[in-house]
Amino acid sequence: MEYSVSKLARLSGVSARTLRYYDEIGLLKPKRVNSSGYRIYGAREVDLLQQILFYREMDLSLDEIKQIIYAADFDVASALEEHLLQLSRKKARLEALIDTVSDSLQALKGEKMMTDQEKFEAFKKEMIDENEAKYGAEIREKYGEKTINQSNEKFGNMTESQFQEFQALGETLNGKLAVATAEGNPKGALAQEVCALHQEWLTIAWPKGHYSSEKHFNLSLMYVHDERFKDYYEKVAPGAAEFLHEALKIYTGMGE
């Protein structure tokens, strides 16, 4: 079946203006343009639009989506399987948060008891699940199943104060990293302070005794060579991933 812009807009819920914009930027070109100049979309375009909407739900940019769906190895069936996995994880996280809100309301009304640790379990689980979804395969291959399971267990068992300390430390670390990156001196006092904070941040979640300078430095290699890891620090400040890597060369003594 074929659709005009207006019909595809009604079918998908995407505005006609947005469909025209997707055409302009090469994200979703019509199957053809008829003799009257109207865009006509076919089955392939309908499937691609569905993929675009799925990826938008995952907060990917239009440029990122375009690179994915037009990659030579892109496969719709594999993409749908990945969407199902990601959405199932998202559903589980939302259900956990809903349960926490419900339990908190009951506790507030005096209808049930709720420990301080229980108040934060859903948030900690969400962070663990997100980390597993993004980096699980790589970090398990690099550090082993036992180490990652121990790390997840340690993180999940954090008390309220420990969890808040971890979050506050991460915010402090990223704030100072942004300033140090702007200064541009990986040997400077602020850059090396950032490295020390980064070590402290890691050891809160890592299993006891797991830390070493070599492991710290090797982790920084992943920050610059794996786009998913790199993206986290690039959101802190442009160039932050590479800067942290250079600073850690000095801090860990592992540089060339």
# chains A, B, ... in the order shown; residues from 1 in each chain; ligands from 1
call {"tool": "residues_around", "arguments": {"residues": "segment 238-247 of chain A", "least_positions_apart": "3", "cutoff": "12 Å", "atoms": "only C-alpha atoms", "output": "PyMOL selection string"}}
result
chain A and resi 173-199+216-235+250-256
call {"tool": "write_last_selection", "arguments": {"atoms": "N, CA and C atoms", "output": "short mmCIF file (atom, residue, chain, number, x, y, z; two decimals), in the first residue's frame"}}
result
data_model
loop_
_atom_site.label_atom_id
_atom_site.label_comp_id
_atom_site.auth_asym_id
_atom_site.auth_seq_id
_atom_site.Cartn_x
_atom_site.Cartn_y
_atom_site.Cartn_z
N LEU A 173 32.94 15.48 40.49
CA LEU A 173 33.93 15.02 39.52
C LEU A 173 33.69 15.63 38.15
N ASN A 174 32.47 15.55 37.67
CA ASN A 174 32.17 16.05 36.33
C ASN A 174 32.30 17.57 36.25
N GLY A 175 31.93 18.26 37.31
CA GLY A 175 32.07 19.71 37.33
C GLY A 175 33.53 20.13 37.23
N LYS A 176 34.39 19.48 38.00
CA LYS A 176 35.81 19.81 37.97
C LYS A 176 36.46 19.35 36.67
N LEU A 177 35.98 18.24 36.12
CA LEU A 177 36.51 17.77 34.84
C LEU A 177 36.23 18.78 33.73
N ALA A 178 35.03 19.36 33.75
CA ALA A 178 34.68 20.35 32.73
C ALA A 178 35.61 21.56 32.81
N VAL A 179 35.91 22.02 34.03
CA VAL A 179 36.81 23.16 34.21
C VAL A 179 38.22 22.80 33.79
N ALA A 180 38.69 21.62 34.20
CA ALA A 180 40.04 21.19 33.87
C ALA A 180 40.22 21.00 32.37
N THR A 181 39.20 20.49 31.71
CA THR A 181 39.25 20.31 30.25
C THR A 181 39.39 21.66 29.57
N ALA A 182 38.66 22.65 30.06
CA ALA A 182 38.75 24.00 29.48
C ALA A 182 40.14 24.59 29.70
N GLU A 183 40.75 24.29 30.86
CA GLU A 183 42.11 24.78 31.11
C GLU A 183 43.11 24.11 30.19
N GLY A 184 42.88 22.83 29.89
CA GLY A 184 43.69 22.13 28.91
C GLY A 184 45.05 21.65 29.36
N ASN A 185 45.27 21.52 30.66
CA ASN A 185 46.57 21.07 31.16
C ASN A 185 46.40 19.77 31.94
N PRO A 186 46.62 18.60 31.30
CA PRO A 186 46.42 17.32 31.98
C PRO A 186 47.41 17.08 33.13
N LYS A 187 48.52 17.84 33.14
CA LYS A 187 49.50 17.70 34.23
C LYS A 187 49.18 18.62 35.41
N GLY A 188 48.24 19.54 35.22
CA GLY A 188 47.92 20.53 36.23
C GLY A 188 47.32 19.95 37.49
N ALA A 189 47.33 20.76 38.54
CA ALA A 189 46.82 20.32 39.84
C ALA A 189 45.35 19.94 39.78
N LEU A 190 44.55 20.72 39.05
CA LEU A 190 43.12 20.42 38.98
C LEU A 190 42.88 19.12 38.23
N ALA A 191 43.60 18.91 37.14
CA ALA A 191 43.44 17.68 36.36
C ALA A 191 43.78 16.46 37.20
N GLN A 192 44.85 16.56 37.99
CA GLN A 192 45.25 15.43 38.82
C GLN A 192 44.29 15.23 39.99
N GLU A 193 43.68 16.32 40.47
CA GLU A 193 42.64 16.19 41.48
C GLU A 193 41.44 15.45 40.90
N VAL A 194 41.11 15.75 39.64
CA VAL A 194 40.02 15.05 38.95
C VAL A 194 40.31 13.55 38.89
N CYS A 195 41.55 13.19 38.59
CA CYS A 195 41.93 11.78 38.52
C CYS A 195 41.75 11.09 39.87
N ALA A 196 42.12 11.78 40.94
CA ALA A 196 41.96 11.22 42.27
C ALA A 196 40.47 11.04 42.61
N LEU A 197 39.65 12.01 42.23
CA LEU A 197 38.21 11.90 42.44
C LEU A 197 37.64 10.76 41.60
N HIS A 198 38.16 10.60 40.40
CA HIS A 198 37.70 9.52 39.52
C HIS A 198 38.04 8.17 40.14
N GLN A 199 39.22 8.04 40.74
CA GLN A 199 39.59 6.81 41.43
C GLN A 199 38.63 6.55 42.60
N HIS A 216 42.70 1.18 36.05
CA HIS A 216 42.19 2.54 35.93
C HIS A 216 42.57 3.12 34.56
N PHE A 217 43.83 2.96 34.20
CA PHE A 217 44.29 3.47 32.91
C PHE A 217 43.60 2.76 31.75
N ASN A 218 43.48 1.43 31.84
CA ASN A 218 42.84 0.68 30.76
C ASN A 218 41.38 1.09 30.58
N LEU A 219 40.72 1.45 31.68
CA LEU A 219 39.35 1.94 31.57
C LEU A 219 39.31 3.23 30.77
N SER A 220 40.31 4.09 30.96
CA SER A 220 40.34 5.35 30.23
C SER A 220 40.54 5.12 28.73
N LEU A 221 41.16 4.02 28.36
CA LEU A 221 41.30 3.69 26.94
C LEU A 221 39.93 3.44 26.31
N MET A 222 39.03 2.83 27.09
CA MET A 222 37.69 2.59 26.59
C MET A 222 36.94 3.91 26.40
N TYR A 223 37.27 4.90 27.23
CA TYR A 223 36.61 6.20 27.11
C TYR A 223 36.89 6.86 25.76
N VAL A 224 38.07 6.62 25.21
CA VAL A 224 38.43 7.30 23.96
C VAL A 224 38.24 6.43 22.72
N HIS A 225 38.17 5.10 22.91
CA HIS A 225 38.09 4.22 21.74
C HIS A 225 36.70 3.63 21.52
N ASP A 226 35.83 3.71 22.51
CA ASP A 226 34.46 3.21 22.35
C ASP A 226 33.51 4.40 22.43
N GLU A 227 32.75 4.61 21.36
CA GLU A 227 31.91 5.81 21.27
C GLU A 227 30.88 5.89 22.39
N ARG A 228 30.38 4.75 22.85
CA ARG A 228 29.37 4.78 23.91
C ARG A 228 29.97 5.28 25.22
N PHE A 229 31.18 4.82 25.54
CA PHE A 229 31.85 5.29 26.74
C PHE A 229 32.26 6.76 26.57
N LYS A 230 32.77 7.06 25.38
CA LYS A 230 33.24 8.42 25.12
C LYS A 230 32.10 9.43 25.24
N ASP A 231 30.93 9.04 24.79
CA ASP A 231 29.79 9.96 24.78
C ASP A 231 29.44 10.47 26.18
N TYR A 232 29.61 9.63 27.19
CA TYR A 232 29.30 10.03 28.56
C TYR A 232 30.10 11.27 28.95
N TYR A 233 31.42 11.23 28.70
CA TYR A 233 32.27 12.35 29.10
C TYR A 233 32.21 13.52 28.12
N GLU A 234 31.90 13.24 26.87
CA GLU A 234 31.76 14.33 25.91
C GLU A 234 30.56 15.20 26.26
N LYS A 235 29.59 14.64 26.98
CA LYS A 235 28.44 15.43 27.43
C LYS A 235 28.83 16.31 28.61
N ILE A 250 49.26 10.29 33.34
CA ILE A 250 50.19 10.86 34.32
C ILE A 250 49.86 10.35 35.71
N TYR A 251 48.59 10.36 36.05
CA TYR A 251 48.16 9.97 37.40
C TYR A 251 48.52 8.52 37.72
N THR A 252 48.31 7.63 36.74
CA THR A 252 48.54 6.20 36.96
C THR A 252 49.98 5.79 36.66
N GLY A 253 50.74 6.67 35.98
CA GLY A 253 52.10 6.33 35.59
C GLY A 253 52.15 5.32 34.47
N MET A 254 51.03 5.21 33.73
CA MET A 254 50.94 4.21 32.66
C MET A 254 51.19 4.80 31.28
N GLY A 255 51.45 6.11 31.19
CA GLY A 255 51.66 6.75 29.90
C GLY A 255 52.96 6.32 29.25
N GLU A 256 53.01 6.56 27.93
CA GLU A 256 54.23 6.20 27.21
C GLU A 256 55.38 7.07 27.66
#
call {"tool": "residues_around", "arguments": {"residues": "Glu82 of chain A", "least_positions_apart": "4", "cutoff": "12 Å", "atoms": "only C-alpha atoms", "output": "NGL selection string"}}
result
:A and (51 or 54-55 or 58 or 75-78 or 86-89 or 133-134)
call {"tool": "atom_distance", "arguments": {"atom1": "atom CA of Lys215 of chain A", "atom2": "atom CA of Gly170 of chain A"}}
result
19.2 Å
call {"tool": "select_by_dssp", "arguments": {"residues": "segment 3-80 of chain A", "states": "helix (DSSP H, G or I)", "output": "PyMOL selection string"}}
result
chain A and resi 5-12+16-24+43-57+62-69+76-80
call {"tool": "select_by_dssp", "arguments": {"residues": "segment 16-117 of chain A", "states": "strand (DSSP E or B)", "output": "PDB file with C-alpha atoms, in the first residue's frame"}}
result
ATOM      1  CA  ARG A  32       8.694   8.450  -5.398  1.00  0.00           C
ATOM      2  CA  VAL A  33       7.238  11.827  -6.275  1.00  0.00           C
ATOM      3  CA  ARG A  39       5.509  12.612  -2.106  1.00  0.00           C
ATOM      4  CA  ILE A  40       4.455   8.947  -2.130  1.00  0.00           C
ATOM      5  CA  TYR A  41       5.594   6.469   0.544  1.00  0.00           C
TER       6      TYR A  41
END
call {"tool": "atom_distance", "arguments": {"atom1": "atom CA of Ala205 of chain A", "atom2": "atom CA of Arg93 of chain A"}}
result
20.1 Å
call {"tool": "closest_residue", "arguments": {"among": "A:Asp103, A:Glu64, A:Tyr211, A:Leu53", "to": "Val14 of chain A", "atoms": "only C-alpha atoms"}}
result
A:Leu53
call {"tool": "atom_distance", "arguments": {"atom1": "atom CA of Leu248 of chain A", "atom2": "atom CA of Gln167 of chain A"}}
result
21.5 Å
call {"tool": "closest_residue", "arguments": {"among": "A:Glu171, A:Asn34, A:Ile98, A:Leu27", "to": "Tyr70 of chain A", "atoms": "only C-alpha atoms"}}
result
A:Leu27
